[in-house]
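Take a look at the structure set out below.
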There are 2 protein chains.
Amino acid sequence: MPQPRGILFDMDGVLYVGDQGVPGAVETLEWCRAQRIPFLFLTNTSSRPRSALVEKLAHLGITSREADILTPPVAARAWLEERLDGPVALFVPPATAGEFRGLPTVPREATTAAAVVAGDLGEGWDYATLNAAFRLLMAEPPATLIALGLTRYWQAPDGLRLDVGPYVKALEYASGREAVVLGKPAAPFFRAALEALGLPAESVIMLGDDIRSDVAAAQAVGIRGVMVRTGKFRSADLEGDIRPDAVLDSVAELPQWWEDAA
Amino acid sequence: MPQPRGILFDMDGVLYVGDQGVPGAVETLEWCRAQRIPFLFLTNTSSRPRSALVEKLAHLGITSREADILTPPVAARAWLEERLDGPVALFVPPATAGEFRGLPTVPREATTAAAVVAGDLGEGWDYATLNAAFRLLMAEPPATLIALGLTRYWQAPDGLRLDVGPYVKALEYASGREAVVLGKPAAPFFRAALEALGLPAESVIMLGDDIRSDVAAAQAVGIRGVMVRTGKFRSADLEGDIRPDAVLDSVAELPQWWEDAA
């Protein structure tokens, strides 16, 4: 394998767990910067803007810029700018819409659009709204369906709540068209990260705590998947079919592993 | 093959096309009655009660009773009565709810239910309603998901409109649970028809104009699939992998075919 040259970091479970920073995370990121190693934070969080994530990292002592963070909306925007020449219809909450500022858009009730961007609209997903997205997918020419991840649900204070994934599945089934999913574990999201790093897959490692969404998903596009024993890691994760390219006790061990791999 | 003893008739495209009766349909049904051959009309129509279908048939000169018609809600009710001992939560329009009259029910916001019945709620599928169905599927014990068919969409005067299928797919994906689908082409619907006829699959034929939803779907549960060249039939239907057990010009030919098969 070639010497790794760039790093993708999962955030939750790797840099922090809940509101607690993982010991050594600050030092590892300082080492990245000192060594001028290109890196990106790769997260499925799409309901909070990157500015909120920058702020959270700052509280943990990690200096970052919005440009260091790749979220589904940011990857979707890059995907759209590169490939489409028509306006998009946004089915995303207001906090997410800001990431698409400057792109040509059409109202949801338009008769055609180049793309439908589906995010975690929550209560906004009433029948008329989902039907409007569906009609755009069935229009001539049909819109491309862009999904900001496929998360199934999340735990709200009052109970479980549906996230974006079920609505994307509804639209895929209704239209017979497959979504381009920009979010882990889908390949287009990892490819967007490689484009942002400007590196080929074989020169990049992904550091994560999720054996499927981080490690196996990265490996599926040729990125080395490195597992950390923090966050949601369980020892049973290493007993299945997925073999991480390396297993580290935590992000703190990364500089040593990297130098050994040199 | 044993002599056929019972018949399942698709309605639309077999007995009528739009508002026009298929010539010979009246006589074939009179022949069924004279011969005392058990039969059922099998239709995916779930938004109109059976009384409306009985009326439509009467306009075409076909005498029928509601008990002759098996629709997804009727099959769902029979399925629930046979297998479940708890209350159900109905996510169906008012016209359909009548078919479940007498069954124990709970409100959609209940914390548990034995089953969630999902139908074509149309505008009723707002976020809170879909989320309520989802929570019942995730409750302890979880509700069984019963789908009144998997139709994708229908053509309304103002454009395409989502039907029940996309919402069932959303619930399946969100909960990780598979629906029991009572509607063509799903096997449980055909099994419900066999139960209603009181005959084994190998003694029954299904007469339909849809090579997949009628012919192949019936064959998948061991019922002979007989194709008619009316309704949505296209000659290309016979050029694929699916081989009907017989092909008739129309329902008018059924008595002759039946007597030849004797």
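Each chain in the structure tokens gets a letter, A, B, ..., in the order shown, and its residues are numbered from 1; ligands are numbered from 1 in order too.
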
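Within 6 Å of chain B, and using only C-alpha atoms, the residues found on chain A are Glu123, Trp125, Asp126, Tyr127, Arg152, Pro166, Tyr167, Lys169, Ala170, Tyr173 and Ala174 of chain A.
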
If you count only C-alpha atoms, which residues fall within 8 Å of Pro38 in chain A, apart from same-chain ones fewer than 6 positions away, as a PDB file with N, CA and C atoms, in the first residue's frame?
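Printed below is part01.pdb as written:
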ATOM      1  N   ARG A   5      -1.510   9.736   2.784  1.00  0.00           N
ATOM      2  CA  ARG A   5      -1.188  11.158   2.642  1.00  0.00           C
ATOM      3  C   ARG A   5      -2.305  12.074   3.146  1.00  0.00           C
ATOM      4  N   GLY A   6      -3.511  11.518   3.349  1.00  0.00           N
ATOM      5  CA  GLY A   6      -4.611  12.360   3.837  1.00  0.00           C
ATOM      6  C   GLY A   6      -5.499  11.572   4.782  1.00  0.00           C
ATOM      7  N   ILE A   7      -6.271  12.297   5.586  1.00  0.00           N
ATOM      8  CA  ILE A   7      -7.067  11.659   6.641  1.00  0.00           C
ATOM      9  C   ILE A   7      -8.506  12.181   6.642  1.00  0.00           C
ATOM     10  N   CYS A  32      -1.401  16.941  12.829  1.00  0.00           N
ATOM     11  CA  CYS A  32      -1.799  16.976  11.411  1.00  0.00           C
ATOM     12  C   CYS A  32      -1.393  18.304  10.773  1.00  0.00           C
ATOM     13  N   LEU A 197     -10.324  16.610  -0.795  1.00  0.00           N
ATOM     14  CA  LEU A 197      -8.925  16.477  -0.368  1.00  0.00           C
ATOM     15  C   LEU A 197      -7.971  16.581  -1.554  1.00  0.00           C
TER      16      LEU A 197
END

Residue neighbourhood Val247 in chain B, 10 Å, only C-alpha atoms, exclusion window fewer than 3 positions, as number ranges by chain: B: 207-209, 225-229, 238, 243-244, 250, 253-254, 257

A:Ile62, A:Leu29, A:Ala147, A:Ala95 ranked by distance to Val181 in chain A, top pick (using only C-alpha atoms): A:Ala147

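A straight line drawn from CA of Pro23 in chain A to CA of Ala58 in chain A is 14.8 Å long.
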
DSSP alpha helix (DSSP H) residues within range 75-223 of chain B, as a ChimeraX atom specification: /B:75-83,94-97,127-138,164-175,187-197,217-220
